[in-house]
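Worksheet for the structure shown next.
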There are 2 protein chains.
Amino acid sequence: MITSTSNQQMKDLAALLKKSKERKVNKAFVVEGTKMVAEAPKNWLRKVYVSEGYEKNPENQTLLKAFSKDASTYGFAMETVSDSVFKSVSDTQTPQGIMAVVAMPEYSMEQLVQGDKTHLLILESIQDPGNLGTMLRTGEGAGITGVIMNKTTVDLFNPKTIRSTMGSIYRMPFYVTEDLSGTLEDLKAQGVALYAAHLKGENSYDEEDYTKACGFLIGNEGNGLSEKIANQADTYIKIPMEGQVESLNAAISATLLMYEANRQRRRQ
Amino acid sequence: MITSTSNQQMKDLAALLKKSKERKVNKAFVVEGTKMVAEAPKNWLRKVYVSEGYEKNPENQTLLKAFSKDASTYGFAMETVSDSVFKSVSDTQTPQGIMAVVAMPEYSMEQLVQGDKTHLLILESIQDPGNLGTMLRTGEGAGITGVIMNKTTVDLFNPKTIRSTMGSIYRMPFYVTEDLSGTLEDLKAQGVALYAAHLKGENSYDEEDYTKACGFLIGNEGNGLSEKIANQADTYIKIPMEGQVESLNAAISATLLMYEANRQRRRQ
């Protein structure tokens, strides 16, 4: 059992939780809680840490037995950690007592672009981890084929983002581009129609046809899309707003656009 | 100038920021930042606090002059606070240097129910302040006539909720009910059709008619609606979800329902 925070494994775990760079170098991230650990694809698991209390709890025995079996099948390690060390490393205030180090998935653009079915969410410099996670979760619900992010979007593997994906992190193909502008040109060349919610939009978002390959551009929470990126959209659309509302939250706008495409595609 | 955190005004301000009970007793809440203070209805303002730095900044002179004028017209006080005391009282990490104590608005149910136009968001035990604020902001955008909350919903005047309303807190009529079940019966008696997103829903949310008086029931983030409240809905609807998504975030579900009603009403 690990009983000290200065144990090398605990140091590595803490670094993976806190530092985006550590996650990138190790191509791994950390998930917490029974549901998130149990949902992880088994062959992505590198290590499962359980607290002493979690291990002793009779309610967890079936799950722990299954993990032990998986551990030998898939070749990942399981470690017990004292309750106090577990709590001090955990990113949550009341840790459930189970954490896992998971291999970071990688996708190619080809996996996100699927001919006429292509339905992309394209993010420029989203800063709020909860917003990003919610967009992945909602995007999966709306049936999008992937999420594209520029490099200044908050790290997808931030613990807060992971929590708010509610498991979509394991299933949603994504691509982080070094050159968003170039990526948009590539998409357009492949026939993906790009839409941006914009003050200059003439048609309401529900007056365009999203039944063919399309992508929705969503900008930073405070500043919206940069002019350069907004200029690359094929069509500006508007989201009607009553009262004195000037804009909607980025995840809310993304929801309306992705689900409008879903609605149209369901009715085809 | 106030230079100590033990100044009674600062103690009162801190209590209003931190404690829901203090806000209720005093029928007042605190808003922070230039935009939120400037947007407050003038006759709701009780006190405006500015930091020394804010007061000295040449960029703020026009605004401060206008506030001084309003202060004498509407009879509210303005006080200068040393930068360090301001920072220690503020709820934000990098305070802008302006805060105001604002009178809490009160609405009657009659203001929320407006015949055929009635379009309500009805919340049971929402716990996340950011979610609640986002629902008010989105609700204003979607043109709802009010928000009804049960008593175990998080306090609307929590600083985090207020921030995420982006000003809708000043404009959205709301009603906190001691007896949600009784309120729902009253609404039904007045001809308001109640819809709940529910696993038992047969029709998709975009297959019902929301052009007459309607209300959408949204439940707690973790547990959804209680059985008692869900049973009072006239119609269960479903939000289609692809992939392995089991549910959407409460604010996201509310958005889809409120904006579907908005879409239908725009097209009438």
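Ordered as shown in the structure tokens, chains take letters A, B, and onward, while each chain numbers its residues from 1 and ligands are numbered from 1 in the order shown.
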Transformed chain B, reference chain A, in-order C-alpha pairing, as a PDB file with C-alpha atoms, in the first residue's frame:
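Resulting contents of part_24.pdb:
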```
ATOM      1  CA  MET B   1      -0.012   0.001  -0.023  1.00  0.00           C
ATOM      2  CA  ILE B   2       1.168   3.520  -0.849  1.00  0.00           C
ATOM      3  CA  THR B   3       1.221   5.606   2.319  1.00  0.00           C
ATOM      4  CA  SER B   4       3.215   8.691   1.362  1.00  0.00           C
ATOM      5  CA  THR B   5       2.599  11.580  -0.996  1.00  0.00           C
ATOM      6  CA  SER B   6       6.315  11.564  -1.770  1.00  0.00           C
ATOM      7  CA  ASN B   7       5.951   8.120  -3.356  1.00  0.00           C
ATOM      8  CA  GLN B   8       7.035   8.520  -6.995  1.00  0.00           C
ATOM      9  CA  GLN B   9       3.762   7.119  -8.347  1.00  0.00           C
ATOM     10  CA  MET B  10       1.794   9.660  -6.321  1.00  0.00           C
ATOM     11  CA  LYS B  11       4.032  12.465  -7.541  1.00  0.00           C
ATOM     12  CA  ASP B  12       3.487  11.349 -11.135  1.00  0.00           C
ATOM     13  CA  LEU B  13      -0.262  11.093 -10.565  1.00  0.00           C
ATOM     14  CA  ALA B  14      -0.437  14.573  -9.066  1.00  0.00           C
ATOM     15  CA  ALA B  15       1.551  15.974 -11.993  1.00  0.00           C
ATOM     16  CA  LEU B  16      -0.802  14.314 -14.503  1.00  0.00           C
ATOM     17  CA  LEU B  17      -3.785  15.838 -12.713  1.00  0.00           C
ATOM     18  CA  LYS B  18      -2.314  19.323 -12.534  1.00  0.00           C
ATOM     19  CA  LYS B  19      -0.192  19.829 -15.630  1.00  0.00           C
ATOM     20  CA  SER B  20      -1.325  19.799 -19.213  1.00  0.00           C
ATOM     21  CA  LYS B  21       2.298  19.436 -20.315  1.00  0.00           C
ATOM     22  CA  GLU B  22       2.800  16.273 -18.216  1.00  0.00           C
ATOM     23  CA  ARG B  23      -0.297  14.778 -19.801  1.00  0.00           C
ATOM     24  CA  LYS B  24       0.987  15.565 -23.291  1.00  0.00           C
ATOM     25  CA  VAL B  25       4.476  14.172 -22.649  1.00  0.00           C
ATOM     26  CA  ASN B  26       3.094  10.979 -21.121  1.00  0.00           C
ATOM     27  CA  LYS B  27       0.132  10.740 -23.498  1.00  0.00           C
ATOM     28  CA  ALA B  28      -2.014   9.934 -20.495  1.00  0.00           C
ATOM     29  CA  PHE B  29      -4.689  11.530 -18.316  1.00  0.00           C
ATOM     30  CA  VAL B  30      -6.434  10.796 -15.019  1.00  0.00           C
ATOM     31  CA  VAL B  31     -10.100   9.991 -14.431  1.00  0.00           C
ATOM     32  CA  GLU B  32     -11.769   9.843 -11.023  1.00  0.00           C
ATOM     33  CA  GLY B  33     -14.794   8.082  -9.575  1.00  0.00           C
ATOM     34  CA  THR B  34     -16.392   4.680 -10.050  1.00  0.00           C
ATOM     35  CA  LYS B  35     -18.446   5.566 -13.111  1.00  0.00           C
ATOM     36  CA  MET B  36     -15.609   7.222 -15.024  1.00  0.00           C
ATOM     37  CA  VAL B  37     -13.123   4.448 -14.224  1.00  0.00           C
ATOM     38  CA  ALA B  38     -15.593   1.654 -14.992  1.00  0.00           C
ATOM     39  CA  GLU B  39     -16.541   3.244 -18.334  1.00  0.00           C
ATOM     40  CA  ALA B  40     -12.941   3.591 -19.549  1.00  0.00           C
ATOM     41  CA  PRO B  41     -12.109   1.254 -22.450  1.00  0.00           C
ATOM     42  CA  LYS B  42     -10.136  -1.540 -20.762  1.00  0.00           C
ATOM     43  CA  ASN B  43      -7.260  -1.373 -23.201  1.00  0.00           C
ATOM     44  CA  TRP B  44      -6.789   2.343 -22.432  1.00  0.00           C
ATOM     45  CA  LEU B  45      -6.187   1.698 -18.728  1.00  0.00           C
ATOM     46  CA  ARG B  46      -2.601   1.994 -17.492  1.00  0.00           C
ATOM     47  CA  LYS B  47      -3.109   1.989 -13.766  1.00  0.00           C
ATOM     48  CA  VAL B  48      -5.977   1.907 -11.287  1.00  0.00           C
ATOM     49  CA  TYR B  49      -5.555   3.400  -7.817  1.00  0.00           C
ATOM     50  CA  VAL B  50      -8.040   2.621  -5.054  1.00  0.00           C
ATOM     51  CA  SER B  51      -8.107   4.033  -1.554  1.00  0.00           C
ATOM     52  CA  GLU B  52      -7.939   1.715   1.442  1.00  0.00           C
ATOM     53  CA  GLY B  53     -11.507   2.609   2.370  1.00  0.00           C
ATOM     54  CA  TYR B  54     -12.752   1.906  -1.155  1.00  0.00           C
ATOM     55  CA  GLU B  55     -10.995  -1.444  -1.172  1.00  0.00           C
ATOM     56  CA  LYS B  56     -12.528  -2.510   2.131  1.00  0.00           C
ATOM     57  CA  ASN B  57     -16.078  -1.418   1.296  1.00  0.00           C
ATOM     58  CA  PRO B  58     -18.184  -4.576   0.691  1.00  0.00           C
ATOM     59  CA  GLU B  59     -20.198  -2.700  -1.975  1.00  0.00           C
ATOM     60  CA  ASN B  60     -17.127  -2.405  -4.202  1.00  0.00           C
ATOM     61  CA  GLN B  61     -16.047  -6.060  -4.147  1.00  0.00           C
ATOM     62  CA  THR B  62     -17.747  -7.142  -7.382  1.00  0.00           C
ATOM     63  CA  LEU B  63     -16.272  -4.227  -9.269  1.00  0.00           C
ATOM     64  CA  LEU B  64     -12.812  -4.711  -7.789  1.00  0.00           C
ATOM     65  CA  LYS B  65     -12.850  -8.401  -8.667  1.00  0.00           C
ATOM     66  CA  ALA B  66     -13.713  -7.532 -12.270  1.00  0.00           C
ATOM     67  CA  PHE B  67     -10.901  -4.971 -12.328  1.00  0.00           C
ATOM     68  CA  SER B  68      -8.393  -7.504 -10.979  1.00  0.00           C
ATOM     69  CA  LYS B  69      -9.344  -9.866 -13.780  1.00  0.00           C
ATOM     70  CA  ASP B  70      -9.106  -7.078 -16.376  1.00  0.00           C
ATOM     71  CA  ALA B  71      -5.769  -6.018 -14.908  1.00  0.00           C
ATOM     72  CA  SER B  72      -4.190  -9.343 -15.787  1.00  0.00           C
ATOM     73  CA  THR B  73      -5.979  -9.612 -19.155  1.00  0.00           C
ATOM     74  CA  TYR B  74      -5.071  -6.100 -20.296  1.00  0.00           C
ATOM     75  CA  GLY B  75      -1.836  -5.773 -18.367  1.00  0.00           C
ATOM     76  CA  PHE B  76      -2.468  -2.766 -16.179  1.00  0.00           C
ATOM     77  CA  ALA B  77      -1.470  -2.421 -12.515  1.00  0.00           C
ATOM     78  CA  MET B  78      -3.745  -1.871  -9.513  1.00  0.00           C
ATOM     79  CA  GLU B  79      -2.484  -0.165  -6.384  1.00  0.00           C
ATOM     80  CA  THR B  80      -3.952   0.543  -2.985  1.00  0.00           C
ATOM     81  CA  VAL B  81      -3.399   4.001  -1.509  1.00  0.00           C
ATOM     82  CA  SER B  82      -3.987   5.092   2.083  1.00  0.00           C
ATOM     83  CA  ASP B  83      -7.121   7.216   2.487  1.00  0.00           C
ATOM     84  CA  SER B  84      -5.219  10.346   3.495  1.00  0.00           C
ATOM     85  CA  VAL B  85      -2.758  10.163   0.584  1.00  0.00           C
ATOM     86  CA  PHE B  86      -5.607   9.443  -1.838  1.00  0.00           C
ATOM     87  CA  LYS B  87      -7.513  12.490  -0.602  1.00  0.00           C
ATOM     88  CA  SER B  88      -4.501  14.746  -0.865  1.00  0.00           C
ATOM     89  CA  VAL B  89      -3.767  13.729  -4.468  1.00  0.00           C
ATOM     90  CA  SER B  90      -7.389  13.732  -5.670  1.00  0.00           C
ATOM     91  CA  ASP B  91      -8.765  16.670  -7.653  1.00  0.00           C
ATOM     92  CA  THR B  92     -12.199  16.404  -6.008  1.00  0.00           C
ATOM     93  CA  GLN B  93     -13.281  17.622  -2.584  1.00  0.00           C
ATOM     94  CA  THR B  94     -14.912  14.361  -1.550  1.00  0.00           C
ATOM     95  CA  PRO B  95     -13.074  11.686  -3.539  1.00  0.00           C
ATOM     96  CA  GLN B  96     -14.928   8.445  -4.206  1.00  0.00           C
ATOM     97  CA  GLY B  97     -11.716   6.484  -3.703  1.00  0.00           C
ATOM     98  CA  ILE B  98     -10.907   5.314  -7.215  1.00  0.00           C
ATOM     99  CA  MET B  99      -8.747   6.929  -9.907  1.00  0.00           C
ATOM    100  CA  ALA B 100      -7.187   5.642 -13.093  1.00  0.00           C
ATOM    101  CA  VAL B 101      -4.384   6.685 -15.392  1.00  0.00           C
ATOM    102  CA  VAL B 102      -5.715   6.295 -18.921  1.00  0.00           C
ATOM    103  CA  ALA B 103      -3.917   6.408 -22.277  1.00  0.00           C
ATOM    104  CA  MET B 104      -4.808   9.481 -24.315  1.00  0.00           C
ATOM    105  CA  PRO B 105      -6.640   8.598 -27.514  1.00  0.00           C
ATOM    106  CA  GLU B 106      -5.480  10.039 -30.831  1.00  0.00           C
ATOM    107  CA  TYR B 107      -7.623  10.526 -33.888  1.00  0.00           C
ATOM    108  CA  SER B 108      -6.832  11.577 -37.424  1.00  0.00           C
ATOM    109  CA  MET B 109      -8.909  14.122 -39.324  1.00  0.00           C
ATOM    110  CA  GLU B 110     -10.103  11.257 -41.538  1.00  0.00           C
ATOM    111  CA  GLN B 111     -11.960   9.788 -38.572  1.00  0.00           C
ATOM    112  CA  LEU B 112     -13.859  13.018 -38.000  1.00  0.00           C
ATOM    113  CA  VAL B 113     -14.838  13.677 -41.615  1.00  0.00           C
ATOM    114  CA  GLN B 114     -17.380  11.129 -42.836  1.00  0.00           C
ATOM    115  CA  GLY B 115     -18.716  12.334 -46.190  1.00  0.00           C
ATOM    116  CA  ASP B 116     -22.288  13.644 -46.075  1.00  0.00           C
ATOM    117  CA  LYS B 117     -22.640  12.551 -42.460  1.00  0.00           C
ATOM    118  CA  THR B 118     -19.913  14.962 -41.347  1.00  0.00           C
ATOM    119  CA  HIS B 119     -21.182  17.075 -38.467  1.00  0.00           C
ATOM    120  CA  LEU B 120     -18.398  18.948 -36.717  1.00  0.00           C
ATOM    121  CA  LEU B 121     -18.102  21.289 -33.790  1.00  0.00           C
ATOM    122  CA  ILE B 122     -15.149  23.625 -34.347  1.00  0.00           C
ATOM    123  CA  LEU B 123     -13.868  25.549 -31.344  1.00  0.00           C
ATOM    124  CA  GLU B 124     -11.650  28.617 -31.234  1.00  0.00           C
ATOM    125  CA  SER B 125     -10.020  29.402 -27.888  1.00  0.00           C
ATOM    126  CA  ILE B 126     -12.729  28.111 -25.543  1.00  0.00           C
ATOM    127  CA  GLN B 127     -11.408  28.820 -22.030  1.00  0.00           C
ATOM    128  CA  ASP B 128     -13.866  27.289 -19.579  1.00  0.00           C
ATOM    129  CA  PRO B 129     -13.147  23.588 -18.881  1.00  0.00           C
ATOM    130  CA  GLY B 130     -16.767  22.939 -17.873  1.00  0.00           C
ATOM    131  CA  ASN B 131     -18.032  24.492 -21.110  1.00  0.00           C
ATOM    132  CA  LEU B 132     -15.723  22.319 -23.185  1.00  0.00           C
ATOM    133  CA  GLY B 133     -16.747  19.134 -21.365  1.00  0.00           C
ATOM    134  CA  THR B 134     -20.430  19.990 -21.700  1.00  0.00           C
ATOM    135  CA  MET B 135     -19.965  20.552 -25.438  1.00  0.00           C
ATOM    136  CA  LEU B 136     -18.455  17.082 -25.860  1.00  0.00           C
ATOM    137  CA  ARG B 137     -21.294  15.491 -23.892  1.00  0.00           C
ATOM    138  CA  THR B 138     -23.985  17.402 -25.790  1.00  0.00           C
ATOM    139  CA  GLY B 139     -22.172  16.817 -29.080  1.00  0.00           C
ATOM    140  CA  GLU B 140     -22.265  13.059 -28.563  1.00  0.00           C
ATOM    141  CA  GLY B 141     -25.987  13.350 -27.787  1.00  0.00           C
ATOM    142  CA  ALA B 142     -26.534  15.349 -30.982  1.00  0.00           C
ATOM    143  CA  GLY B 143     -24.612  12.788 -33.021  1.00  0.00           C
ATOM    144  CA  ILE B 144     -21.713  14.938 -34.177  1.00  0.00           C
ATOM    145  CA  THR B 145     -18.797  13.188 -35.887  1.00  0.00           C
ATOM    146  CA  GLY B 146     -16.089  15.081 -34.023  1.00  0.00           C
ATOM    147  CA  VAL B 147     -14.743  18.179 -32.315  1.00  0.00           C
ATOM    148  CA  ILE B 148     -11.923  20.292 -33.758  1.00  0.00           C
ATOM    149  CA  MET B 149     -10.075  22.675 -31.438  1.00  0.00           C
ATOM    150  CA  ASN B 150      -7.297  25.181 -31.933  1.00  0.00           C
ATOM    151  CA  LYS B 151      -4.280  25.019 -29.655  1.00  0.00           C
ATOM    152  CA  THR B 152      -5.405  27.855 -27.402  1.00  0.00           C
ATOM    153  CA  THR B 153      -8.582  26.021 -26.435  1.00  0.00           C
ATOM    154  CA  VAL B 154      -8.381  24.760 -22.834  1.00  0.00           C
ATOM    155  CA  ASP B 155      -6.895  21.257 -22.474  1.00  0.00           C
ATOM    156  CA  LEU B 156      -9.507  18.580 -23.084  1.00  0.00           C
ATOM    157  CA  PHE B 157      -7.830  16.382 -20.465  1.00  0.00           C
ATOM    158  CA  ASN B 158      -8.141  18.905 -17.656  1.00  0.00           C
ATOM    159  CA  PRO B 159      -9.851  17.037 -14.749  1.00  0.00           C
ATOM    160  CA  LYS B 160     -12.773  19.516 -14.778  1.00  0.00           C
ATOM    161  CA  THR B 161     -13.336  19.036 -18.497  1.00  0.00           C
ATOM    162  CA  ILE B 162     -13.210  15.270 -18.131  1.00  0.00           C
ATOM    163  CA  ARG B 163     -15.783  15.344 -15.333  1.00  0.00           C
ATOM    164  CA  SER B 164     -18.216  17.418 -17.332  1.00  0.00           C
ATOM    165  CA  THR B 165     -17.959  15.143 -20.386  1.00  0.00           C
ATOM    166  CA  MET B 166     -19.681  12.447 -18.262  1.00  0.00           C
ATOM    167  CA  GLY B 167     -17.850   9.773 -20.263  1.00  0.00           C
ATOM    168  CA  SER B 168     -18.041  11.296 -23.750  1.00  0.00           C
ATOM    169  CA  ILE B 169     -14.272  11.813 -23.504  1.00  0.00           C
ATOM    170  CA  TYR B 170     -13.960   8.066 -24.276  1.00  0.00           C
ATOM    171  CA  ARG B 171     -16.138   8.205 -27.356  1.00  0.00           C
ATOM    172  CA  MET B 172     -15.945  11.563 -29.094  1.00  0.00           C
ATOM    173  CA  PRO B 173     -13.310  11.822 -31.837  1.00  0.00           C
ATOM    174  CA  PHE B 174     -11.389  15.086 -31.587  1.00  0.00           C
ATOM    175  CA  TYR B 175      -8.540  16.862 -33.307  1.00  0.00           C
ATOM    176  CA  VAL B 176      -6.355  19.654 -31.941  1.00  0.00           C
ATOM    177  CA  THR B 177      -5.017  21.726 -34.807  1.00  0.00           C
ATOM    178  CA  GLU B 178      -1.889  23.898 -34.839  1.00  0.00           C
ATOM    179  CA  ASP B 179      -3.361  25.886 -37.710  1.00  0.00           C
ATOM    180  CA  LEU B 180      -7.128  26.310 -37.420  1.00  0.00           C
ATOM    181  CA  SER B 181      -7.287  28.507 -40.483  1.00  0.00           C
ATOM    182  CA  GLY B 182      -5.537  25.889 -42.629  1.00  0.00           C
ATOM    183  CA  THR B 183      -7.755  23.129 -41.228  1.00  0.00           C
ATOM    184  CA  LEU B 184     -10.851  25.111 -42.168  1.00  0.00           C
ATOM    185  CA  GLU B 185      -9.605  25.470 -45.744  1.00  0.00           C
ATOM    186  CA  ASP B 186      -9.005  21.701 -45.877  1.00  0.00           C
ATOM    187  CA  LEU B 187     -12.523  21.047 -44.618  1.00  0.00           C
ATOM    188  CA  LYS B 188     -14.050  23.407 -47.178  1.00  0.00           C
ATOM    189  CA  ALA B 189     -12.072  21.666 -49.927  1.00  0.00           C
ATOM    190  CA  GLN B 190     -13.674  18.417 -48.757  1.00  0.00           C
ATOM    191  CA  GLY B 191     -17.147  19.903 -49.095  1.00  0.00           C
ATOM    192  CA  VAL B 192     -17.848  20.679 -45.443  1.00  0.00           C
ATOM    193  CA  ALA B 193     -20.056  23.789 -45.213  1.00  0.00           C
ATOM    194  CA  LEU B 194     -18.950  26.026 -42.349  1.00  0.00           C
ATOM    195  CA  TYR B 195     -21.483  28.018 -40.308  1.00  0.00           C
ATOM    196  CA  ALA B 196     -20.767  30.687 -37.726  1.00  0.00           C
ATOM    197  CA  ALA B 197     -23.266  32.265 -35.355  1.00  0.00           C
ATOM    198  CA  HIS B 198     -22.526  35.935 -35.948  1.00  0.00           C
ATOM    199  CA  LEU B 199     -24.082  39.351 -35.420  1.00  0.00           C
ATOM    200  CA  LYS B 200     -23.948  39.821 -39.210  1.00  0.00           C
ATOM    201  CA  GLY B 201     -26.003  36.648 -39.743  1.00  0.00           C
ATOM    202  CA  GLU B 202     -29.175  37.204 -41.804  1.00  0.00           C
ATOM    203  CA  ASN B 203     -30.959  33.894 -41.476  1.00  0.00           C
ATOM    204  CA  SER B 204     -31.902  32.364 -38.179  1.00  0.00           C
ATOM    205  CA  TYR B 205     -29.998  29.172 -37.346  1.00  0.00           C
ATOM    206  CA  ASP B 206     -33.120  27.096 -38.029  1.00  0.00           C
ATOM    207  CA  GLU B 207     -33.503  28.436 -41.570  1.00  0.00           C
ATOM    208  CA  GLU B 208     -30.416  26.796 -43.058  1.00  0.00           C
ATOM    209  CA  ASP B 209     -30.025  23.226 -44.271  1.00  0.00           C
ATOM    210  CA  TYR B 210     -27.593  21.131 -42.237  1.00  0.00           C
ATOM    211  CA  THR B 211     -28.430  17.737 -43.731  1.00  0.00           C
ATOM    212  CA  LYS B 212     -25.171  17.621 -45.728  1.00  0.00           C
ATOM    213  CA  ALA B 213     -21.586  17.776 -44.388  1.00  0.00           C
ATOM    214  CA  CYS B 214     -21.372  20.761 -42.055  1.00  0.00           C
ATOM    215  CA  GLY B 215     -19.348  22.312 -39.258  1.00  0.00           C
ATOM    216  CA  PHE B 216     -20.280  24.889 -36.628  1.00  0.00           C
ATOM    217  CA  LEU B 217     -17.715  27.474 -35.550  1.00  0.00           C
ATOM    218  CA  ILE B 218     -17.884  28.515 -31.888  1.00  0.00           C
ATOM    219  CA  GLY B 219     -15.601  31.201 -30.471  1.00  0.00           C
ATOM    220  CA  ASN B 220     -14.145  32.203 -27.142  1.00  0.00           C
ATOM    221  CA  GLU B 221     -16.602  32.908 -24.294  1.00  0.00           C
ATOM    222  CA  GLY B 222     -15.663  36.558 -23.939  1.00  0.00           C
ATOM    223  CA  ASN B 223     -14.640  37.610 -27.425  1.00  0.00           C
ATOM    224  CA  GLY B 224     -16.402  35.258 -29.811  1.00  0.00           C
ATOM    225  CA  LEU B 225     -14.657  34.193 -33.025  1.00  0.00           C
ATOM    226  CA  SER B 226     -11.591  36.063 -34.258  1.00  0.00           C
ATOM    227  CA  GLU B 227     -12.223  38.045 -37.432  1.00  0.00           C
ATOM    228  CA  LYS B 228      -9.883  35.815 -39.417  1.00  0.00           C
ATOM    229  CA  ILE B 229     -11.722  32.621 -38.489  1.00  0.00           C
ATOM    230  CA  ALA B 230     -15.201  34.160 -38.770  1.00  0.00           C
ATOM    231  CA  ASN B 231     -14.276  35.286 -42.312  1.00  0.00           C
ATOM    232  CA  GLN B 232     -13.709  31.674 -43.313  1.00  0.00           C
ATOM    233  CA  ALA B 233     -17.291  30.647 -42.587  1.00  0.00           C
ATOM    234  CA  ASP B 234     -19.405  29.977 -45.669  1.00  0.00           C
ATOM    235  CA  THR B 235     -22.532  31.296 -43.963  1.00  0.00           C
ATOM    236  CA  TYR B 236     -23.262  33.524 -41.000  1.00  0.00           C
ATOM    237  CA  ILE B 237     -26.344  32.576 -39.046  1.00  0.00           C
ATOM    238  CA  LYS B 238     -28.037  34.242 -36.111  1.00  0.00           C
ATOM    239  CA  ILE B 239     -29.535  32.845 -32.972  1.00  0.00           C
ATOM    240  CA  PRO B 240     -32.615  34.976 -32.261  1.00  0.00           C
ATOM    241  CA  MET B 241     -32.465  36.559 -28.808  1.00  0.00           C
ATOM    242  CA  GLU B 242     -35.317  38.293 -27.042  1.00  0.00           C
ATOM    243  CA  GLY B 243     -35.053  40.795 -24.213  1.00  0.00           C
ATOM    244  CA  GLN B 244     -31.724  42.509 -23.758  1.00  0.00           C
ATOM    245  CA  VAL B 245     -29.558  39.433 -24.168  1.00  0.00           C
ATOM    246  CA  GLU B 246     -26.451  40.246 -26.219  1.00  0.00           C
ATOM    247  CA  SER B 247     -25.063  36.742 -26.545  1.00  0.00           C
ATOM    248  CA  LEU B 248     -25.502  33.228 -25.237  1.00  0.00           C
ATOM    249  CA  ASN B 249     -22.980  31.066 -23.417  1.00  0.00           C
ATOM    250  CA  ALA B 250     -20.703  29.227 -25.897  1.00  0.00           C
ATOM    251  CA  ALA B 251     -21.943  25.765 -24.879  1.00  0.00           C
ATOM    252  CA  ILE B 252     -25.549  26.941 -25.161  1.00  0.00           C
ATOM    253  CA  SER B 253     -25.028  28.297 -28.698  1.00  0.00           C
ATOM    254  CA  ALA B 254     -23.238  25.091 -29.697  1.00  0.00           C
ATOM    255  CA  THR B 255     -26.160  23.063 -28.316  1.00  0.00           C
ATOM    256  CA  LEU B 256     -28.739  24.923 -30.378  1.00  0.00           C
ATOM    257  CA  LEU B 257     -26.751  24.515 -33.599  1.00  0.00           C
ATOM    258  CA  MET B 258     -25.790  20.865 -33.112  1.00  0.00           C
ATOM    259  CA  TYR B 259     -29.320  19.851 -32.119  1.00  0.00           C
ATOM    260  CA  GLU B 260     -30.867  21.770 -35.007  1.00  0.00           C
ATOM    261  CA  ALA B 261     -28.695  19.690 -37.352  1.00  0.00           C
ATOM    262  CA  ASN B 262     -29.761  16.578 -35.417  1.00  0.00           C
ATOM    263  CA  ARG B 263     -33.432  17.563 -35.742  1.00  0.00           C
ATOM    264  CA  GLN B 264     -33.142  18.053 -39.503  1.00  0.00           C
ATOM    265  CA  ARG B 265     -31.253  14.802 -39.997  1.00  0.00           C
ATOM    266  CA  ARG B 266     -33.781  12.845 -37.919  1.00  0.00           C
ATOM    267  CA  ARG B 267     -36.557  14.102 -40.176  1.00  0.00           C
ATOM    268  CA  GLN B 268     -34.885  13.168 -43.438  1.00  0.00           C
TER     269      GLN B 268
END
```
request  = Can you list, as a ChimeraX atom specification, all residues belonging to range 4-176 of chain A that DSSP tags as strand (DSSP E)?
outcome  = /A:28-32,45-51,77-81,98-103,119-123,146-150,174-176
Output for the residues just chosen: C-alpha atoms as a tab-separated table (two decimals), in the first residue's frame:
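In the end it all went to part-v2.tsv:
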```tsv
chain	number	residue	atom	x	y	z
A	28	ALA	CA	-2.02	9.92	-20.50
A	29	PHE	CA	-4.69	11.52	-18.32
A	30	VAL	CA	-6.43	10.79	-15.02
A	31	VAL	CA	-10.10	9.97	-14.44
A	32	GLU	CA	-11.77	9.84	-11.02
A	45	LEU	CA	-6.17	1.69	-18.73
A	46	ARG	CA	-2.60	1.99	-17.50
A	47	LYS	CA	-3.10	1.99	-13.76
A	48	VAL	CA	-5.97	1.89	-11.28
A	49	TYR	CA	-5.54	3.39	-7.81
A	50	VAL	CA	-8.04	2.62	-5.05
A	51	SER	CA	-8.10	4.03	-1.55
A	77	ALA	CA	-1.46	-2.43	-12.51
A	78	MET	CA	-3.74	-1.89	-9.51
A	79	GLU	CA	-2.48	-0.16	-6.37
A	80	THR	CA	-3.95	0.54	-2.98
A	81	VAL	CA	-3.39	4.00	-1.50
A	98	ILE	CA	-10.90	5.31	-7.21
A	99	MET	CA	-8.74	6.92	-9.90
A	100	ALA	CA	-7.19	5.64	-13.09
A	101	VAL	CA	-4.38	6.67	-15.40
A	102	VAL	CA	-5.71	6.29	-18.93
A	103	ALA	CA	-3.92	6.41	-22.28
A	119	HIS	CA	-21.18	17.07	-38.47
A	120	LEU	CA	-18.40	18.94	-36.72
A	121	LEU	CA	-18.10	21.28	-33.79
A	122	ILE	CA	-15.15	23.61	-34.34
A	123	LEU	CA	-13.86	25.55	-31.34
A	146	GLY	CA	-16.08	15.08	-34.02
A	147	VAL	CA	-14.74	18.17	-32.32
A	148	ILE	CA	-11.92	20.29	-33.75
A	149	MET	CA	-10.08	22.67	-31.44
A	150	ASN	CA	-7.30	25.18	-31.94
A	174	PHE	CA	-11.39	15.08	-31.59
A	175	TYR	CA	-8.54	16.86	-33.30
A	176	VAL	CA	-6.35	19.65	-31.94
```
ask   = Could you pull out the helix (DSSP H, G or I) residues of range 86-267 of chain A from DSSP and send them as a PyMOL selection string?
value = chain A and resi 86-89+109-112+115-117+129-142+159-165+168-170+180-189+205-207+227-231+250-266
